[in-house]
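As stored in final_16.cif (mmCIF, C-alpha atoms and all ligand atoms):
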```cif
data_data
loop_
_atom_site.label_atom_id
_atom_site.label_comp_id
_atom_site.auth_asym_id
_atom_site.auth_seq_id
_atom_site.Cartn_x
_atom_site.Cartn_y
_atom_site.Cartn_z
CA MET U 1 -48.25 10.18 3.82
CA SER U 2 -45.83 10.60 1.05
CA GLU U 3 -45.92 13.48 -1.38
CA TYR U 4 -44.71 11.14 -4.11
CA PRO U 5 -46.86 9.08 -6.48
CA ARG U 6 -48.02 5.90 -4.81
CA VAL U 7 -48.06 2.36 -6.10
CA ILE U 8 -50.67 0.23 -4.31
CA LEU U 9 -50.20 -3.53 -4.42
CA THR U 10 -52.87 -6.16 -5.03
CA PRO U 11 -53.96 -7.94 -1.81
CA GLN U 12 -51.55 -10.74 -0.91
CA ARG U 13 -49.09 -9.75 -3.62
CA ASP U 14 -46.70 -7.99 -1.26
CA VAL U 15 -44.52 -10.95 -0.19
CA SER U 16 -41.65 -10.28 -2.57
CA VAL U 17 -41.53 -6.59 -1.67
CA ARG U 18 -41.51 -7.45 2.02
CA ARG U 19 -38.62 -9.83 1.30
CA ARG U 20 -36.84 -6.90 -0.28
CA HIS U 21 -36.71 -8.22 -3.79
CA PRO U 22 -35.80 -5.18 -5.91
CA TRP U 23 -38.11 -5.94 -8.83
CA LEU U 24 -41.81 -5.08 -8.63
CA PHE U 25 -43.66 -6.69 -11.54
CA SER U 26 -46.73 -5.09 -13.09
CA GLY U 27 -48.90 -8.09 -12.14
CA ALA U 28 -48.60 -7.31 -8.42
CA ILE U 29 -49.87 -3.76 -8.78
CA LYS U 30 -53.49 -2.88 -8.01
CA ARG U 31 -53.31 0.80 -8.93
CA VAL U 32 -51.02 3.78 -9.26
CA GLU U 33 -51.98 7.09 -7.68
CA GLY U 34 -50.61 10.12 -9.43
CA ALA U 35 -49.02 9.98 -12.87
CA PRO U 36 -45.36 9.13 -12.36
CA PRO U 37 -43.20 9.93 -15.41
CA PRO U 38 -40.52 7.39 -16.49
CA GLY U 39 -37.99 6.92 -13.74
CA ALA U 40 -39.95 8.88 -11.11
CA LEU U 41 -39.60 8.12 -7.43
CA VAL U 42 -42.65 6.23 -6.16
CA ALA U 43 -43.70 5.01 -2.74
CA VAL U 44 -44.96 1.42 -2.65
CA TYR U 45 -47.82 0.56 -0.29
CA SER U 46 -49.56 -2.66 0.58
CA PHE U 47 -53.26 -2.94 -0.22
CA GLU U 48 -53.92 -2.33 3.48
CA GLY U 49 -52.01 0.95 3.31
CA THR U 50 -48.66 0.07 4.91
CA PHE U 51 -45.58 1.75 3.46
CA LEU U 52 -43.29 -0.94 2.00
CA ALA U 53 -40.59 0.54 -0.19
CA TRP U 54 -39.21 3.30 -2.36
CA GLY U 55 -38.73 2.61 -6.02
CA HIS U 56 -38.13 4.05 -9.46
CA TYR U 57 -41.12 3.79 -11.75
CA SER U 58 -40.97 2.43 -15.26
CA ALA U 59 -44.30 2.56 -17.09
CA ALA U 60 -42.98 0.72 -20.15
CA SER U 61 -41.41 -2.33 -18.51
CA GLN U 62 -42.89 -5.47 -16.99
CA ILE U 63 -40.59 -4.60 -14.11
CA ARG U 64 -42.83 -1.68 -13.26
CA ALA U 65 -40.67 -0.39 -10.43
CA ARG U 66 -37.14 -1.07 -9.16
CA LEU U 67 -37.03 -0.90 -5.40
CA PHE U 68 -33.99 0.21 -3.46
CA ALA U 69 -35.04 1.40 0.03
CA TRP U 70 -37.39 -0.09 2.55
CA ASP U 71 -37.43 2.60 5.26
CA GLU U 72 -40.02 5.35 4.90
CA ARG U 73 -37.64 7.80 6.58
CA ASP U 74 -35.03 7.44 3.87
CA ALA U 75 -34.81 10.56 1.74
CA PRO U 76 -34.01 8.83 -1.49
CA GLU U 77 -34.04 11.84 -3.78
CA THR U 78 -31.06 13.55 -2.20
CA ALA U 79 -27.55 13.51 -3.65
CA GLU U 80 -26.45 12.48 -0.14
CA PHE U 81 -28.43 9.25 -0.33
CA TRP U 82 -26.93 8.16 -3.66
CA ARG U 83 -23.44 9.34 -2.72
CA GLY U 84 -23.69 7.02 0.28
CA ARG U 85 -24.71 4.07 -1.86
CA LEU U 86 -21.93 4.73 -4.38
CA GLU U 87 -19.30 5.18 -1.66
CA ARG U 88 -20.29 1.89 -0.09
CA ALA U 89 -20.07 0.02 -3.41
CA ILE U 90 -16.74 1.59 -4.37
CA ALA U 91 -15.24 0.97 -0.92
CA ALA U 92 -16.18 -2.70 -1.14
CA ARG U 93 -13.84 -3.07 -4.15
CA GLN U 94 -10.85 -1.40 -2.56
CA PRO U 95 -9.36 -4.65 -1.17
CA LEU U 96 -9.37 -6.09 -4.70
CA LEU U 97 -7.44 -3.12 -6.04
CA ALA U 98 -5.26 -2.55 -2.99
CA ASP U 99 -1.98 -4.21 -3.98
CA GLY U 100 -1.97 -2.68 -7.45
CA THR U 101 -1.77 -5.96 -9.38
CA THR U 102 -5.37 -5.47 -10.50
CA THR U 103 -6.50 -2.11 -11.83
CA ALA U 104 -9.82 -3.00 -13.41
CA CYS U 105 -13.04 -4.16 -11.80
CA ARG U 106 -16.75 -3.60 -11.51
CA LEU U 107 -17.37 -0.84 -8.98
CA VAL U 108 -21.16 -0.79 -9.02
CA ASN U 109 -23.23 -3.88 -9.77
CA ALA U 110 -26.71 -2.37 -10.07
CA GLU U 111 -29.47 -3.98 -7.98
CA SER U 112 -27.02 -6.06 -5.96
CA ASP U 113 -25.31 -2.86 -4.80
CA GLY U 114 -28.61 -1.14 -4.03
CA ILE U 115 -28.46 1.08 -7.12
CA PRO U 116 -30.90 -0.42 -9.63
CA GLY U 117 -29.96 -0.08 -13.28
CA LEU U 118 -26.49 1.37 -12.73
CA VAL U 119 -23.31 -0.45 -13.71
CA VAL U 120 -19.91 1.17 -13.29
CA ASP U 121 -16.71 -0.53 -14.40
CA ARG U 122 -13.27 0.85 -13.77
CA TYR U 123 -10.35 0.38 -16.18
CA GLY U 124 -7.44 2.19 -14.59
CA ASN U 125 -8.36 5.87 -14.66
CA VAL U 126 -11.17 5.30 -17.12
CA ALA U 127 -14.65 4.70 -15.73
CA VAL U 128 -17.37 3.22 -17.93
CA VAL U 129 -21.05 3.48 -17.00
CA GLN U 130 -24.20 1.76 -18.17
CA TYR U 131 -27.64 3.20 -17.45
CA LEU U 132 -29.94 0.21 -17.76
CA SER U 133 -33.26 1.35 -16.29
CA ALA U 134 -35.57 4.35 -16.54
CA GLY U 135 -34.83 5.25 -12.92
CA ALA U 136 -31.07 5.24 -13.28
CA ASP U 137 -31.29 7.01 -16.63
CA ALA U 138 -33.45 9.78 -15.23
CA ARG U 139 -30.72 10.49 -12.66
CA ARG U 140 -27.80 10.33 -15.07
CA GLU U 141 -26.62 13.89 -14.43
CA LEU U 142 -26.53 13.29 -10.69
CA PHE U 143 -24.75 9.93 -11.00
CA ASN U 144 -22.25 11.31 -13.52
CA ALA U 145 -21.41 14.19 -11.18
CA LEU U 146 -21.09 11.89 -8.15
CA LEU U 147 -18.86 9.45 -10.04
CA VAL U 148 -16.54 12.26 -11.14
CA GLU U 149 -16.43 13.52 -7.55
CA LEU U 150 -15.74 10.08 -6.03
CA LEU U 151 -13.45 8.53 -8.66
CA HIS U 152 -11.61 11.51 -10.19
CA PRO U 153 -11.42 9.63 -13.49
CA THR U 154 -9.56 11.02 -16.48
CA THR U 155 -12.48 9.73 -18.57
CA LEU U 156 -16.09 8.92 -17.81
CA TYR U 157 -17.50 7.02 -20.77
CA GLU U 158 -21.00 5.67 -21.41
CA ARG U 159 -21.75 2.26 -22.94
CA SER U 160 -25.52 2.08 -22.57
CA ASP U 161 -25.73 0.33 -25.96
CA VAL U 162 -27.55 -2.70 -24.59
CA ASP U 163 -30.80 -4.43 -25.49
CA VAL U 164 -32.31 -4.25 -22.00
CA ARG U 165 -32.81 -0.51 -22.46
CA GLU U 166 -35.45 -1.26 -25.10
CA LYS U 167 -37.66 -2.81 -22.44
CA GLU U 168 -37.48 0.49 -20.57
CA ARG U 169 -38.14 2.41 -23.79
CA LEU U 170 -34.73 3.99 -23.68
CA ASP U 171 -32.61 4.45 -26.79
CA PRO U 172 -29.04 3.14 -26.85
CA ARG U 173 -26.50 5.75 -25.78
CA GLU U 174 -22.75 5.84 -25.80
CA GLY U 175 -20.02 8.39 -25.74
CA LEU U 176 -17.86 10.61 -23.62
CA LEU U 177 -19.52 11.99 -20.48
CA TYR U 178 -16.55 13.69 -18.84
CA GLY U 179 -12.83 14.25 -19.31
CA THR U 180 -10.75 13.25 -22.28
CA GLU U 181 -11.66 10.76 -25.02
CA PRO U 182 -10.43 7.29 -23.98
CA PRO U 183 -7.35 5.94 -25.77
CA GLU U 184 -7.96 3.29 -28.43
CA THR U 185 -6.96 0.69 -25.90
CA VAL U 186 -6.93 1.34 -22.18
CA GLU U 187 -4.07 -0.51 -20.47
CA ILE U 188 -5.08 -2.47 -17.40
CA LEU U 189 -3.52 -4.97 -15.03
CA GLU U 190 -5.38 -8.04 -13.90
CA ASN U 191 -3.74 -10.31 -11.35
CA GLY U 192 -0.40 -8.94 -12.54
CA LEU U 193 -1.11 -9.58 -16.23
CA HIS U 194 -1.45 -6.85 -18.85
CA PHE U 195 -4.46 -6.32 -21.08
CA GLY U 196 -5.59 -3.68 -23.52
CA VAL U 197 -9.28 -2.84 -23.36
CA ASP U 198 -11.29 -1.15 -26.09
CA VAL U 199 -13.95 0.60 -24.02
CA ARG U 200 -15.58 2.15 -27.09
CA HIS U 201 -16.22 -0.99 -29.15
CA GLY U 202 -15.42 -3.94 -26.88
CA HIS U 203 -18.09 -6.30 -25.58
CA LYS U 204 -20.00 -5.21 -22.47
CA THR U 205 -17.96 -2.27 -21.20
CA GLY U 206 -14.82 -3.61 -22.91
CA PHE U 207 -13.68 -6.66 -20.97
CA TYR U 208 -15.19 -9.73 -19.30
CA LEU U 209 -14.34 -8.66 -15.78
CA ASP U 210 -16.74 -11.29 -14.43
CA GLN U 211 -14.29 -14.05 -15.45
CA ARG U 212 -11.27 -12.68 -13.55
CA ASP U 213 -11.35 -15.21 -10.70
CA ASN U 214 -11.96 -18.08 -13.11
CA ARG U 215 -9.06 -17.03 -15.32
CA ALA U 216 -6.89 -17.10 -12.17
CA LEU U 217 -8.21 -20.56 -11.37
CA LEU U 218 -7.19 -21.78 -14.82
CA ARG U 219 -3.71 -20.32 -14.38
CA ALA U 220 -3.36 -22.14 -11.06
CA ALA U 221 -4.56 -25.44 -12.52
CA VAL U 222 -2.19 -25.19 -15.48
CA ALA U 223 0.70 -24.22 -13.18
CA GLN U 224 0.08 -27.25 -10.94
CA ARG U 225 0.11 -29.58 -13.91
CA SER U 226 3.13 -27.91 -15.45
CA ALA U 227 4.98 -28.44 -12.18
CA VAL U 228 4.22 -32.16 -12.23
CA THR U 229 5.25 -32.70 -15.86
CA PRO U 230 7.52 -29.79 -16.80
CA LEU U 231 8.60 -31.41 -20.06
CA ASN U 232 5.02 -32.05 -21.02
CA ALA U 233 3.21 -28.87 -19.98
CA PRO U 234 -0.51 -28.68 -20.79
CA THR U 235 -1.90 -27.73 -24.18
CA VAL U 236 -4.96 -25.49 -23.98
CA LEU U 237 -7.90 -24.92 -26.30
CA ASN U 238 -9.59 -21.59 -25.58
CA VAL U 239 -12.99 -21.58 -27.26
CA PHE U 240 -14.92 -18.29 -27.44
CA ALA U 241 -11.61 -16.62 -26.70
CA TYR U 242 -12.58 -12.94 -27.15
CA THR U 243 -9.34 -10.98 -26.53
CA GLY U 244 -7.51 -13.99 -25.15
CA GLY U 245 -7.97 -13.49 -21.43
CA PHE U 246 -7.83 -17.20 -20.64
CA ALA U 247 -4.99 -17.65 -23.15
CA VAL U 248 -2.73 -15.18 -21.37
CA TYR U 249 -3.47 -16.77 -18.00
CA ALA U 250 -2.81 -20.26 -19.39
CA LEU U 251 0.59 -19.17 -20.70
CA ALA U 252 1.33 -17.47 -17.38
CA GLY U 253 0.64 -20.86 -15.78
CA GLY U 254 3.15 -22.50 -18.09
CA ALA U 255 0.96 -23.91 -20.88
CA SER U 256 3.06 -25.26 -23.74
CA ALA U 257 0.57 -24.26 -26.46
CA VAL U 258 -2.71 -22.39 -26.76
CA THR U 259 -5.32 -22.50 -29.53
CA ASN U 260 -7.85 -19.64 -29.55
CA VAL U 261 -11.17 -19.90 -31.37
CA ASP U 262 -13.48 -16.93 -31.98
CA THR U 263 -15.68 -15.56 -34.74
CA SER U 264 -14.36 -12.05 -34.19
CA ALA U 265 -11.17 -11.23 -36.08
CA GLU U 266 -10.91 -7.96 -34.16
CA ALA U 267 -11.07 -9.77 -30.81
CA LEU U 268 -8.34 -12.20 -31.91
CA ARG U 269 -6.23 -9.27 -33.13
CA LEU U 270 -6.47 -7.65 -29.70
CA GLY U 271 -5.65 -11.05 -28.23
CA ARG U 272 -2.36 -10.99 -30.18
CA GLU U 273 -1.57 -7.59 -28.69
CA ASN U 274 -2.35 -8.97 -25.24
CA LEU U 275 0.17 -11.75 -25.78
CA ALA U 276 2.81 -9.17 -26.67
CA HIS U 277 1.92 -7.05 -23.60
CA ASN U 278 2.90 -10.03 -21.45
CA SER U 279 6.03 -11.05 -23.39
CA PHE U 280 4.25 -14.05 -24.89
CA ALA U 281 4.60 -12.79 -28.46
CA GLU U 282 6.80 -15.79 -29.27
CA ALA U 283 4.66 -18.32 -27.42
CA ASN U 284 3.12 -21.26 -29.26
CA VAL U 285 -0.29 -19.71 -29.93
CA GLU U 286 -2.62 -20.45 -32.80
CA ASP U 287 -5.73 -18.39 -33.60
CA ILE U 288 -8.64 -19.91 -35.49
CA GLU U 289 -11.23 -17.44 -36.69
CA GLY U 290 -14.62 -19.03 -37.17
CA ASP U 291 -17.67 -20.71 -35.71
CA ALA U 292 -16.88 -22.79 -32.65
CA PHE U 293 -19.55 -25.38 -33.43
CA ALA U 294 -17.85 -26.19 -36.75
CA ILE U 295 -14.26 -25.79 -35.58
CA LEU U 296 -14.64 -28.13 -32.62
CA ARG U 297 -15.80 -30.81 -35.07
CA GLU U 298 -12.96 -30.06 -37.43
CA LEU U 299 -10.38 -30.38 -34.66
CA HIS U 300 -11.83 -33.78 -33.84
CA THR U 301 -11.61 -34.86 -37.48
CA GLN U 302 -7.97 -33.80 -37.44
CA LYS U 303 -7.52 -35.99 -34.32
CA ARG U 304 -6.25 -33.03 -32.30
CA THR U 305 -6.36 -33.37 -28.52
CA PHE U 306 -5.76 -30.99 -25.61
CA ASP U 307 -5.06 -31.12 -21.90
CA ALA U 308 -7.48 -28.33 -21.08
CA VAL U 309 -10.44 -26.83 -22.91
CA ILE U 310 -12.22 -23.60 -21.99
CA LEU U 311 -15.77 -23.11 -23.23
CA ASP U 312 -17.01 -19.60 -22.50
CA PRO U 313 -19.80 -19.01 -25.01
CA PRO U 314 -21.97 -15.92 -25.30
CA LYS U 315 -25.46 -16.00 -23.81
CA PHE U 316 -27.51 -18.69 -25.56
CA ALA U 317 -30.78 -18.19 -23.61
CA PHE U 318 -32.26 -14.72 -23.34
CA THR U 319 -35.65 -15.78 -21.97
CA GLN U 320 -37.29 -18.86 -20.47
CA GLY U 321 -38.60 -19.63 -23.94
CA ASP U 322 -35.04 -20.03 -25.23
CA VAL U 323 -33.98 -22.58 -22.63
CA LYS U 324 -34.62 -25.73 -24.67
CA ARG U 325 -32.80 -24.50 -27.75
CA ALA U 326 -29.98 -23.10 -25.63
CA ALA U 327 -29.62 -26.39 -23.77
CA ARG U 328 -29.07 -28.17 -27.08
CA GLY U 329 -26.36 -25.65 -27.97
CA TYR U 330 -24.59 -26.05 -24.64
CA LYS U 331 -24.81 -29.82 -24.90
CA ASP U 332 -23.36 -29.81 -28.38
CA ILE U 333 -20.29 -27.74 -27.61
CA ASN U 334 -19.66 -29.67 -24.40
CA MET U 335 -19.83 -32.98 -26.27
CA GLN U 336 -17.40 -31.69 -28.88
CA ALA U 337 -15.05 -30.33 -26.22
CA LEU U 338 -15.06 -33.54 -24.17
CA ARG U 339 -14.08 -35.55 -27.27
CA LEU U 340 -10.98 -33.38 -27.65
CA LEU U 341 -9.67 -33.88 -24.12
CA ASN U 342 -6.85 -36.23 -23.22
CA PRO U 343 -7.48 -38.55 -20.25
CA GLY U 344 -6.89 -36.52 -17.11
CA GLY U 345 -7.66 -33.34 -19.05
CA LEU U 346 -9.68 -30.43 -17.71
CA LEU U 347 -12.81 -28.80 -19.05
CA PHE U 348 -13.63 -25.28 -17.86
CA THR U 349 -17.19 -24.93 -19.07
CA PHE U 350 -19.48 -21.92 -18.57
CA SER U 351 -22.95 -20.60 -19.14
CA CYS U 352 -23.74 -16.92 -18.65
CA SER U 353 -27.45 -17.40 -19.39
CA GLY U 354 -29.44 -16.38 -16.33
CA ALA U 355 -32.30 -18.57 -17.56
CA ILE U 356 -30.10 -21.70 -17.30
CA SER U 357 -29.78 -22.69 -13.63
CA ALA U 358 -26.58 -24.18 -12.24
CA ASP U 359 -28.49 -27.40 -11.70
CA LEU U 360 -29.71 -27.55 -15.30
CA PHE U 361 -26.25 -26.69 -16.57
CA GLN U 362 -24.75 -29.61 -14.67
CA LYS U 363 -27.39 -31.91 -16.17
CA ILE U 364 -26.52 -30.65 -19.65
CA VAL U 365 -22.82 -31.37 -19.15
CA PHE U 366 -23.74 -34.77 -17.73
CA GLY U 367 -25.80 -35.53 -20.85
CA ALA U 368 -22.90 -34.47 -23.03
CA ALA U 369 -20.43 -36.75 -21.22
CA LEU U 370 -22.85 -39.67 -21.41
CA ASP U 371 -23.34 -39.26 -25.15
CA VAL U 372 -19.62 -39.17 -25.95
CA LYS U 373 -18.91 -41.94 -23.43
CA ARG U 374 -16.41 -40.09 -21.28
CA ASP U 375 -16.07 -40.53 -17.51
CA VAL U 376 -16.15 -37.05 -16.05
CA GLN U 377 -15.77 -35.67 -12.53
CA ILE U 378 -16.59 -32.22 -11.20
CA ILE U 379 -13.56 -30.88 -9.36
CA GLY U 380 -14.66 -27.27 -9.04
CA ARG U 381 -17.57 -24.89 -9.38
CA MET U 382 -17.27 -21.37 -10.63
CA THR U 383 -19.34 -18.22 -10.59
CA GLN U 384 -18.88 -14.54 -11.40
CA SER U 385 -15.98 -12.70 -9.78
CA SER U 386 -16.39 -11.15 -6.36
CA ASP U 387 -16.77 -7.61 -7.72
CA HIS U 388 -20.04 -8.83 -9.30
CA PRO U 389 -21.77 -9.63 -5.99
CA VAL U 390 -25.24 -11.12 -5.77
CA ALA U 391 -27.53 -9.60 -3.14
CA LEU U 392 -29.22 -12.41 -1.22
CA THR U 393 -32.49 -10.62 -1.90
CA PHE U 394 -31.80 -10.79 -5.64
CA PRO U 395 -30.83 -14.30 -6.78
CA GLU U 396 -31.44 -13.20 -10.40
CA GLY U 397 -28.17 -11.31 -10.09
CA GLU U 398 -26.29 -14.60 -10.36
CA TYR U 399 -25.97 -15.36 -14.06
CA LEU U 400 -22.53 -16.90 -14.58
CA LYS U 401 -21.99 -20.52 -13.68
CA GLY U 402 -19.19 -22.84 -14.55
CA LEU U 403 -17.83 -26.30 -13.85
CA VAL U 404 -14.25 -27.46 -13.71
CA CYS U 405 -14.44 -31.03 -14.93
CA ARG U 406 -11.77 -33.70 -15.09
CA VAL U 407 -12.01 -36.33 -17.75
CA VAL U 408 -11.09 -39.62 -16.06
CA ARG U 409 -10.88 -41.55 -19.30
N1 LIG U 501 -13.57 -15.95 -22.47
C1 LIG U 501 -13.57 -14.55 -22.86
C2 LIG U 501 -14.99 -14.01 -23.07
C3 LIG U 501 -15.80 -14.75 -24.11
S1 LIG U 501 -17.18 -13.85 -24.66
C4 LIG U 501 -12.80 -13.73 -21.84
O1 LIG U 501 -12.43 -14.26 -20.77
O2 LIG U 501 -12.54 -12.55 -22.10
C5 LIG U 501 -17.81 -14.80 -25.96
C6 LIG U 501 -17.01 -14.75 -27.25
O3 LIG U 501 -17.59 -15.69 -28.15
C7 LIG U 501 -17.01 -13.42 -28.01
O4 LIG U 501 -15.69 -13.01 -28.20
C8 LIG U 501 -17.67 -13.73 -29.37
O5 LIG U 501 -17.02 -13.06 -30.45
C9 LIG U 501 -17.47 -15.20 -29.48
N2 LIG U 501 -18.45 -15.95 -30.27
C10 LIG U 501 -19.78 -15.79 -30.34
N3 LIG U 501 -20.34 -16.75 -31.08
C11 LIG U 501 -19.34 -17.55 -31.51
C12 LIG U 501 -19.28 -18.73 -32.30
N4 LIG U 501 -20.38 -19.30 -32.80
N5 LIG U 501 -18.08 -19.29 -32.51
C13 LIG U 501 -16.95 -18.76 -32.00
N6 LIG U 501 -16.95 -17.65 -31.24
C14 LIG U 501 -18.12 -17.05 -31.00
#
```
Written as structure tokens, that's how I'd like the structure from this file.
Amino acid sequence: MSEYPRVILTPQRDVSVRRRHPWLFSGAIKRVEGAPPPGALVAVYSFEGTFLAWGHYSAASQIRARLFAWDERDAPETAEFWRGRLERAIAARQPLLADGTTTACRLVNAESDGIPGLVVDRYGNVAVVQYLSAGADARRELFNALLVELLHPTTLYERSDVDVREKERLDPREGLLYGTEPPETVEILENGLHFGVDVRHGHKTGFYLDQRDNRALLRAAVAQRSAVTPLNAPTVLNVFAYTGGFAVYALAGGASAVTNVDTSAEALRLGRENLAHNSFAEANVEDIEGDAFAILRELHTQKRTFDAVILDPPKFAFTQGDVKRAARGYKDINMQALRLLNPGGLLFTFSCSGAISADLFQKIVFGAALDVKRDVQIIGRMTQSSDHPVALTFPEGEYLKGLVCRVVR
């Protein structure tokens, strides 16, 4: 018998917990014994009284508890327990960082690393954390101390300024947690390329680390094509460019020209700095500040064409209810992008909306190709980088999907 508050499930609603899914929804709960405060440790029992899991309680959220241990003998409130989980997650990323050509990655990917609600990204000696759930937030002092002990960062910075905290009734939080204030831009290396990251104001924790492997794939594809036609190296259109990650990789692959499109002038400005960091200051790069939906049309009117287009839009669908509207948005930009591609050209197209499945996304791109009458092949499939693992028990952890398409004609 546990001394902790107990969550008793409704009869026959214990399947997902037994399958070790980390999210326990309110609808599966029969009753709660004791009065667990936000984030409290709770023991989950079947209706018949069998211990099933340990979790962190969240009274405010539909995800009423986040489960992380399925053995009653675990002692999940000890520092030892969480140090073990953190060590395991951090160690898993060491191969990625080993040769020194990459100095930034996600170290802790929340549920998929067995630490619900905690994200930790590393940018050189700067570590950035996000506390996304009541359970993780309630243990912030412990996690902060363990991260300092395990990572010896010069800076531990918080970027819990995300909407999901509202669902847990947590206010946004950001700021310095330990060490010295981060520099305006933190210098990192990614696959041997240099980037400056603004961990205070940048998107997410500063950089789209989840696209690292896909940026490398683009570089390889551009390099292959440049090798075949060195005098006619590919031209690249980088839509939703942010700080020009894909642009730098395209130039590293030998692209002859890059056009970046983004609504954020600040992101494009940092993109310029990133070009300079990699001695591409003189490269043939054009930045267009504005709305991609309009600019893609304008480029078509101007009869511009490209050998590769990257479409990496922000999340269009936040809930199931958004899917229809989002699908129209994805279809539109994919149609516009396909019209701009030369025969043989490549489309790197993404969706980071968890609510849009890979299958649906492929259908959307298919619909787009059909409507603009282009013959299109899939030559590759992409997902989030390996430091953003997806626990098999938690398919919801997979949000980023992408297709490498080749326009036949
Ligand atoms: N590909 C980037 C990440 C893109 S994130 C990388 O690898 O780093 C999405 C970007 O889309 C953001 O920079 C955001 O400013 C931009 N954005 C959002 N809505 C837009 C719109 N309607 N038109 C153009 N850019 C937009």
Could you tell me, counting only C-alpha atoms and all ligand atoms, which protein and nucleic acid residues lie no more than 10 Å from ligand LIG 501 (chain U), written as a PyMOL selection string?
-> chain U and resi 202-204+206-212+214-215+238-249+260-268+271+288-296+310-316+329+333+350+352
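Picture a line from atom CA of Thr101 of chain U to atom CA of Phe143 of chain U; it runs 28.0 Å.
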Please measure the separation of atom CA of Leu156 of chain U and atom CA of Ala40 of chain U, giving the value in Å to one decimal.
-> 24.8 Å
Can you find the residues with an atom no farther than 9 Å from (-32.6, -14.1, -12.3), counting only C-alpha atoms, and report them as a short mmCIF file (atom, residue, chain, number, x, y, z; two decimals) with C-alpha atoms, keeping the file's coordinate frame?
```
data_model
loop_
_atom_site.label_atom_id
_atom_site.label_comp_id
_atom_site.auth_asym_id
_atom_site.auth_seq_id
_atom_site.Cartn_x
_atom_site.Cartn_y
_atom_site.Cartn_z
CA GLY U 354 -29.44 -16.38 -16.33
CA ALA U 355 -32.30 -18.57 -17.56
CA PHE U 394 -31.80 -10.79 -5.64
CA PRO U 395 -30.83 -14.30 -6.78
CA GLU U 396 -31.44 -13.20 -10.40
CA GLY U 397 -28.17 -11.31 -10.09
CA GLU U 398 -26.29 -14.60 -10.36
CA TYR U 399 -25.97 -15.36 -14.06
#
```
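Counting all atoms listed in the file and comparing U:Arg85, U:Arg381, U:His300, U:Arg18, the residue that lies closest to Thr50 of chain U is U:Arg18.
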Please tell me which residues are no farther than 12 Å from (-12.0, -28.5, -21.8) in the file, counting only C-alpha atoms, and write them as a ChimeraX atom specification.
-> /U:218,234-239,259,296,305-312,333-350,365,369,376,402-407
Would you fill the gaps in segment 247-260 of chain U so it has N, CA and C atoms, then print it as a PDB file, keeping the file's coordinate frame?
```pdb
ATOM      1  N   ALA U 247      -6.246 -17.244 -22.496  1.00  0.00           N
ATOM      2  CA  ALA U 247      -4.990 -17.650 -23.150  1.00  0.00           C
ATOM      3  C   ALA U 247      -3.780 -17.089 -22.413  1.00  0.00           C
ATOM      4  N   VAL U 248      -3.852 -15.808 -22.075  1.00  0.00           N
ATOM      5  CA  VAL U 248      -2.730 -15.180 -21.370  1.00  0.00           C
ATOM      6  C   VAL U 248      -2.506 -15.836 -20.009  1.00  0.00           C
ATOM      7  N   TYR U 249      -3.598 -16.110 -19.304  1.00  0.00           N
ATOM      8  CA  TYR U 249      -3.470 -16.770 -18.000  1.00  0.00           C
ATOM      9  C   TYR U 249      -2.896 -18.177 -18.137  1.00  0.00           C
ATOM     10  N   ALA U 250      -3.322 -18.902 -19.197  1.00  0.00           N
ATOM     11  CA  ALA U 250      -2.810 -20.260 -19.390  1.00  0.00           C
ATOM     12  C   ALA U 250      -1.302 -20.226 -19.620  1.00  0.00           C
ATOM     13  N   LEU U 251      -0.853 -19.277 -20.445  1.00  0.00           N
ATOM     14  CA  LEU U 251       0.590 -19.170 -20.700  1.00  0.00           C
ATOM     15  C   LEU U 251       1.325 -18.757 -19.430  1.00  0.00           C
ATOM     16  N   ALA U 252       0.709 -17.876 -18.645  1.00  0.00           N
ATOM     17  CA  ALA U 252       1.330 -17.470 -17.380  1.00  0.00           C
ATOM     18  C   ALA U 252       1.453 -18.668 -16.442  1.00  0.00           C
ATOM     19  N   GLY U 253       0.571 -19.638 -16.594  1.00  0.00           N
ATOM     20  CA  GLY U 253       0.640 -20.860 -15.780  1.00  0.00           C
ATOM     21  C   GLY U 253       1.604 -21.881 -16.348  1.00  0.00           C
ATOM     22  N   GLY U 254       2.153 -21.597 -17.524  1.00  0.00           N
ATOM     23  CA  GLY U 254       3.150 -22.500 -18.090  1.00  0.00           C
ATOM     24  C   GLY U 254       2.653 -23.391 -19.208  1.00  0.00           C
ATOM     25  N   ALA U 255       1.480 -23.099 -19.772  1.00  0.00           N
ATOM     26  CA  ALA U 255       0.960 -23.910 -20.880  1.00  0.00           C
ATOM     27  C   ALA U 255       1.983 -23.965 -22.003  1.00  0.00           C
ATOM     28  N   SER U 256       2.070 -25.138 -22.667  1.00  0.00           N
ATOM     29  CA  SER U 256       3.060 -25.260 -23.740  1.00  0.00           C
ATOM     30  C   SER U 256       2.505 -24.763 -25.062  1.00  0.00           C
ATOM     31  N   ALA U 257       1.174 -24.744 -25.215  1.00  0.00           N
ATOM     32  CA  ALA U 257       0.570 -24.260 -26.460  1.00  0.00           C
ATOM     33  C   ALA U 257      -0.877 -23.867 -26.190  1.00  0.00           C
ATOM     34  N   VAL U 258      -1.320 -22.840 -26.903  1.00  0.00           N
ATOM     35  CA  VAL U 258      -2.710 -22.390 -26.760  1.00  0.00           C
ATOM     36  C   VAL U 258      -3.315 -22.224 -28.150  1.00  0.00           C
ATOM     37  N   THR U 259      -4.554 -22.725 -28.304  1.00  0.00           N
ATOM     38  CA  THR U 259      -5.320 -22.500 -29.530  1.00  0.00           C
ATOM     39  C   THR U 259      -6.550 -21.676 -29.172  1.00  0.00           C
ATOM     40  N   ASN U 260      -6.687 -20.495 -29.794  1.00  0.00           N
ATOM     41  CA  ASN U 260      -7.850 -19.640 -29.550  1.00  0.00           C
ATOM     42  C   ASN U 260      -8.849 -19.799 -30.690  1.00  0.00           C
TER      43      ASN U 260
END
```
